[in-house]
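Only one structure is covered here, and it is reproduced in the block below.
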Amino acid sequence: MVIIGENIHILSKAVSDAINNRDKAFIQELAKKQAEAGVDYIDLNIGPARKNPDVMAWLVEVVQEVVDLPLSLDSTNPKAVEEGLKVAKRRALINSASGKSESKEQMMPLAVKYDAEIIISVLNDQGIPADAEARAESILDAVSYANELGIENERIWVDPIIMPVSVDQKAVREALEFMKMLQDLLPGVKSTVGLSNVSNGTPKELRGILNRTYMVMLELCGCYSAIADAFDEELMALARGQMPEIKDLIRRVMEGEDIDPNGLPPKERDYVKTAKVLWGDVLYSHTWLEL
Amino acid sequence: MAEWKPPVEAYKGRIVEVTIGRGPRAVKVGGENVFAFNQGFDEGQWPNPPRVAIELWDTEPKGWAKGILDFYGDAVKDPIAWAKKASEELKPDLIFLYLISTDPNEEDRSPEKAKDLVRAAYEAANGVPFIVYCPGNEAKDPEVLKAVAEALKGENLLLGPALKEDYEPIAQAAKEYEHCVSAQAPMDINLQKELDVKISRIIPRERIVLDPLAPCVGVGLEYGFSIFERQKHAAISFGDEMMQMPMIANFSLEVWKTKEAKENEKMGIMWEEMTAMTYALAGANILVIRHPLTYRKVKELLDKCKM
C-alpha cells in the first residue's frame, strides 16, 4: 500500500503555527520523520489558504530541501496548488479535484499544465453520492472530463470519500464495494483515501485500530494508496505487508466467515471485532471492542 | 408430487420480554422475533402488542386541551385523585407519571416530596403499573429517581430517562430496589447502543427499555420512524444483543406542543393518534398518550390488529 503521510496538516495547531511563523525547522523535522517512518509521499495540507496561496510554494521548497519524496499538494484553492506545482522538483500529486464544476474548470487543467498526478474524488455538485453505484456514476463523469483534457487514467487517483463509521456506517461499506468495482469501471486508475476520516468522532485512543483495519480492508478491495498517519508504526507495518496473519483474519471476515473473536488472542480479537463493524456485520458503538 | 410449502424467512434475534409492574395488572412488553404486526405469518411470534400508557403530571397542568380537562374534572388538580380517576375510567395498560415539578427550572420540588407523591398516586391507581419520568436534569433526576425507587421497592416501575450523563446512579437504584430503567439516547442508533452496553453492565437486559426519543408528526416523525425501525432491524435481523430491548415512544408532550394541536383539539387528537400508530408500525412496544380519547382510539385499533 502506498502511504501518503498526513502529518503536515493545517488542522494541527503546531503545524498551523509553524506555517504562520514560517518555522522552517519544525516543518523540515516533521517531513524527515515521516520519511524515516517510510512514507512514499508527503502531504502538504494548507486548507483553503485564501489569503496566502503562496504559502504552498514556501512549504514545497522547505520540504524539498530535506527529503527526496514526491509531494501531495493539498488545498481546495487552485491558486495555492499552482504555486506549489511551479516549484515542485518531482512530479507532484494534486490533492484534490472532484466532479464539481468549479474543480473541473480550475483544478483539473493544472494537471495538464504541470504534468502532475491528480486525485479526483467522487464529490460532485450534488454533494457526496450515497452508495457504490452513485459513486461510480459520479466518478465516470469526472474522469471522462479529465481524460478529455488529456489526463490519462494512470495519472488519476480516485478518492471514494470515506465517511466516519460513527456517523454513517453504511457508507463505510459502500466505499469498499466501490473500490472493488473501480478497476472494471476505469482500468488503470490509481486510488487513494483520506483514511483517518473513518475514525473521526471516535474516542482518540480507539482511532488507530479503526484506521489500520480499514486500510487492510481497502487494500483487499484493490485500493492503491492511503493518506494516513505516518507515526502509527503498526499501520506502516501493515502497509508494508507485515503481519500477514492479521490481514488473513480480516479477509476471512470479509468473506463472510463467522469467526468468534473472543476465542482469539487480544490483538487478533480486536482486529476481528473491528473488521466486523467496518464490514457492517455489527452495529457500531464506541464500545465495540468491549463486547 | 411433493406439496409446495411457502418459504419461511427466519430472523436471527428476539426482543427480550420486559415486565413492568407487579401482580395481576403487571404488563409484559417485547418478546417478539418478527417485526410489528407480522404475527400472522409462520416466521415468528409477536406475543405482546404495543402497550399504551396514559400521561399524567405531578402537578395541575396549565393550558391542556379542554377535552382532557373535562374528562378528568377536578381530579387534575390533585395527582393522586387524577391517578385514581385515570385508572378507573380508562383502565390503562400503564400510567406515565411525569415529575415535571422536580425540575429546578420549575418548582424544584424535593426528592422527598416527589417520592411521597409517587407512592400515594401509585397506591391510588388500583395496581396499574407505573412509568415514572423526570425532566432530564442530570444533576437532579438521579436523586429523585433514587428516592422513588426506594419508596416503591419491588414494585417494578419503569424509571427514566437514564442518559449518558446520569445512567449510573439511576440504573444502580433500579437494580437495588427492583425496578426497570429507560435508556434514553438522542435519536442516534450508535449512541443508543453505547448506552445500552453500559447500562446492561449494571442491570440485566430484561430490565431495560430503550427510549430513542419520538418526535411527532410535523417535527421529524419520519426521522423518528427511521430510528425505531433501524433499531428493531439491528435487534431482529442482525441479532444485535445490545439492541434487543423493547422501545418506548414518548411523543405526547411534543404532540400537544404543536400549533395544530393547540389551536384545534380534534386535530390534536388525530395528530396524536397518527403519531402513535406510526410508532407502533415502526416497532415501538410502549406508546405514551395524553388525551383520553386518543387513548381509546389507539387501544381499539390495536385490539383489531390482534390475531
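For the C-alpha cells, the naming scheme is as follows: chains receive sequential letters (A, B, ...) according to their order of presentation, residues are indexed from 1 within each chain, and ligands are indexed from 1 in presentation order.
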_I'd like the contact shell of segment 283-286 of chain B - 10 Å cut-off, only C-alpha atoms, skipping same-chain residues fewer than 6 positions apart - returned as JSON, numbers by chain._
{"B": [28, 29, 30, 31, 32, 34, 35, 36, 37, 48, 49, 50, 51, 52, 53, 93, 94, 209, 210, 211, 214, 225, 228, 229, 230, 231, 232, 233, 245, 246, 247, 248, 249, 250, 276, 277]}
How about saving the chosen residues, N, CA and C atoms kept, as a tab-separated table (two decimals), in the first residue's frame?
```
chain	number	residue	atom	x	y	z
B	28	LYS	N	-46.40	-7.19	30.21
B	28	LYS	CA	-45.19	-7.65	29.54
B	28	LYS	C	-45.06	-6.88	28.23
B	29	VAL	N	-43.87	-6.44	27.95
B	29	VAL	CA	-43.61	-5.77	26.66
B	29	VAL	C	-42.45	-6.47	25.96
B	30	GLY	N	-42.47	-6.43	24.63
B	30	GLY	CA	-41.41	-7.07	23.86
B	30	GLY	C	-41.67	-8.56	23.70
B	31	GLY	N	-40.60	-9.32	23.51
B	31	GLY	CA	-40.72	-10.76	23.36
B	31	GLY	C	-40.87	-11.22	21.92
B	32	GLU	N	-40.92	-10.28	20.97
B	32	GLU	CA	-41.15	-10.67	19.58
B	32	GLU	C	-39.85	-11.02	18.85
B	34	VAL	N	-40.25	-11.06	15.34
B	34	VAL	CA	-40.64	-10.59	14.00
B	34	VAL	C	-40.93	-9.09	14.12
B	35	PHE	N	-41.17	-8.47	12.98
B	35	PHE	CA	-41.48	-7.05	13.01
B	35	PHE	C	-42.94	-6.82	13.39
B	36	ALA	N	-43.25	-5.60	13.77
B	36	ALA	CA	-44.57	-5.28	14.28
B	36	ALA	C	-45.67	-5.74	13.33
B	37	PHE	N	-46.71	-6.32	13.89
B	37	PHE	CA	-47.91	-6.75	13.16
B	37	PHE	C	-47.64	-7.88	12.17
B	48	ASN	N	-46.66	-9.79	22.40
B	48	ASN	CA	-47.23	-8.67	23.14
B	48	ASN	C	-47.42	-7.46	22.24
B	49	PRO	N	-48.65	-7.15	21.86
B	49	PRO	CA	-48.86	-5.93	21.06
B	49	PRO	C	-48.46	-4.72	21.88
B	50	PRO	N	-48.26	-3.57	21.24
B	50	PRO	CA	-47.80	-2.39	21.98
B	50	PRO	C	-48.72	-2.09	23.16
B	51	ARG	N	-48.13	-1.75	24.28
B	51	ARG	CA	-48.90	-1.35	25.47
B	51	ARG	C	-49.01	0.16	25.46
B	52	VAL	N	-50.14	0.65	25.95
B	52	VAL	CA	-50.36	2.09	25.89
B	52	VAL	C	-50.39	2.67	27.30
B	53	ALA	N	-49.64	3.75	27.48
B	53	ALA	CA	-49.57	4.43	28.77
B	53	ALA	C	-50.29	5.76	28.67
B	93	ASP	N	-53.23	0.35	30.30
B	93	ASP	CA	-52.17	-0.65	30.48
B	93	ASP	C	-51.15	-0.14	31.49
B	94	LEU	N	-50.81	1.14	31.35
B	94	LEU	CA	-49.76	1.74	32.18
B	94	LEU	C	-50.11	3.20	32.45
B	209	VAL	N	-35.50	-0.74	28.99
B	209	VAL	CA	-36.33	-0.33	27.86
B	209	VAL	C	-35.56	0.79	27.15
B	210	LEU	N	-35.67	0.85	25.83
B	210	LEU	CA	-34.93	1.87	25.08
B	210	LEU	C	-35.85	3.04	24.71
B	211	ASP	N	-35.34	4.24	24.92
B	211	ASP	CA	-36.08	5.45	24.58
B	211	ASP	C	-35.25	6.27	23.60
B	214	ALA	N	-39.00	10.34	20.41
B	214	ALA	CA	-40.01	10.11	19.38
B	214	ALA	C	-40.71	11.41	18.99
B	225	PHE	N	-39.27	7.58	13.00
B	225	PHE	CA	-39.68	6.28	12.46
B	225	PHE	C	-38.46	5.49	12.02
B	228	PHE	N	-36.46	4.09	15.00
B	228	PHE	CA	-37.14	2.94	15.62
B	228	PHE	C	-36.99	1.70	14.73
B	229	GLU	N	-37.21	1.90	13.45
B	229	GLU	CA	-37.16	0.79	12.53
B	229	GLU	C	-35.75	0.20	12.45
B	230	ARG	N	-34.77	1.10	12.39
B	230	ARG	CA	-33.39	0.61	12.28
B	230	ARG	C	-32.96	-0.13	13.55
B	231	GLN	N	-33.42	0.39	14.69
B	231	GLN	CA	-33.04	-0.28	15.94
B	231	GLN	C	-33.68	-1.66	16.01
B	232	LYS	N	-34.91	-1.76	15.55
B	232	LYS	CA	-35.57	-3.07	15.58
B	232	LYS	C	-34.92	-4.02	14.57
B	233	HIS	N	-34.50	-3.47	13.46
B	233	HIS	CA	-33.78	-4.29	12.47
B	233	HIS	C	-32.48	-4.82	13.05
B	245	MET	N	-33.87	-4.76	23.31
B	245	MET	CA	-34.77	-4.41	24.39
B	245	MET	C	-36.00	-3.71	23.78
B	246	PRO	N	-37.14	-3.78	24.48
B	246	PRO	CA	-38.33	-3.10	23.96
B	246	PRO	C	-38.10	-1.59	23.91
B	247	MET	N	-38.89	-0.91	23.07
B	247	MET	CA	-38.71	0.54	22.92
B	247	MET	C	-39.96	1.29	23.35
B	248	ILE	N	-39.73	2.44	23.96
B	248	ILE	CA	-40.84	3.31	24.35
B	248	ILE	C	-40.88	4.52	23.42
B	249	ALA	N	-42.08	4.86	22.94
B	249	ALA	CA	-42.25	6.06	22.12
B	249	ALA	C	-43.02	7.09	22.94
B	250	ASN	N	-42.32	8.11	23.29
B	250	ASN	CA	-42.84	9.10	24.23
B	250	ASN	C	-43.03	10.42	23.49
B	276	ALA	N	-49.02	7.91	17.16
B	276	ALA	CA	-49.00	6.65	17.92
B	276	ALA	C	-48.96	5.45	16.98
B	277	MET	N	-49.84	5.45	15.99
B	277	MET	CA	-49.90	4.27	15.11
B	277	MET	C	-48.63	4.16	14.25
```
*Would you list which chain B residues are within 8 Å of chain A using only C-alpha atoms, as a PyMOL selection string?*
chain B and resi 190-191+193-194+197+234+238+240
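Across A:Val87, A:Val39, A:Val55, A:Ala31, the tightest approach to Ser75 of chain A is made by A:Val55 when counting only C-alpha atoms.
Residue nearest Leu206 of chain A, chosen from A:Lys247, A:Tyr271, A:Glu61, A:Gly84 and counting only C-alpha atoms: A:Tyr271.
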Per-residue nearest contacts of segment 161-189 of chain A to segment 224-230 of chain A (12 Å; only C-alpha atoms) as a Markdown table:
```
| residue | atom | partner | partner_atom | distance |
| --- | --- | --- | --- | --- |
| A:Ile161 | CA | A:Ala226 | CA | 11.4 |
| A:Ile162 | CA | A:Ala226 | CA | 10.9 |
| A:Met179 | CA | A:Tyr224 | CA | 9.7 |
| A:Lys180 | CA | A:Tyr224 | CA | 11.5 |
| A:Leu182 | CA | A:Tyr224 | CA | 10.9 |
| A:Gln183 | CA | A:Tyr224 | CA | 10.8 |
| A:Gly188 | CA | A:Tyr224 | CA | 10.9 |
| A:Val189 | CA | A:Tyr224 | CA | 9.2 |
```
*Neighbours of Ser101 of chain B within 7 Å (only C-alpha atoms; same-chain residues fewer than 3 positions away dropped), as a ChimeraX atom specification?*
/B:58-59,106-109
*Could you please write out, as a ChimeraX atom specification, every residue of segment 125-290 of chain B that DSSP assigns to alpha helix (DSSP H)?*
/B:141-151,167-176,189-199,221-236,252-255,259-263,265-282
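Take atom CA of Leu97 of chain B and atom CA of Leu152 of chain B: the distance between them is 14.1 Å.
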*Give the answer as one residue: which of A:Pro78, A:Gly99, A:Pro261, A:Gly256 has the shortest atom-to-atom distance to Ala142 of chain A, using only C-alpha atoms?*
A:Gly99
*Near-segment 174-176 of chain A list (8 Å; only C-alpha atoms; drop same-chain fewer than 2 positions) as a ChimeraX atom specification*: /A:131-132,160-162,170-172,178-180,217-218,221
_DSSP strand (DSSP E) selection over segment 5-73 of chain B, as a ChimeraX atom specification_ = /B:17-20,27-30,51-57
*Which residues come within 7 Å of segment 260-273 of chain B, counting only C-alpha atoms, excluding same-chain residues fewer than 5 positions away, as an NGL selection string?*
:B and (65 or 217 or 252 or 255 or 291 or 294 or 298)
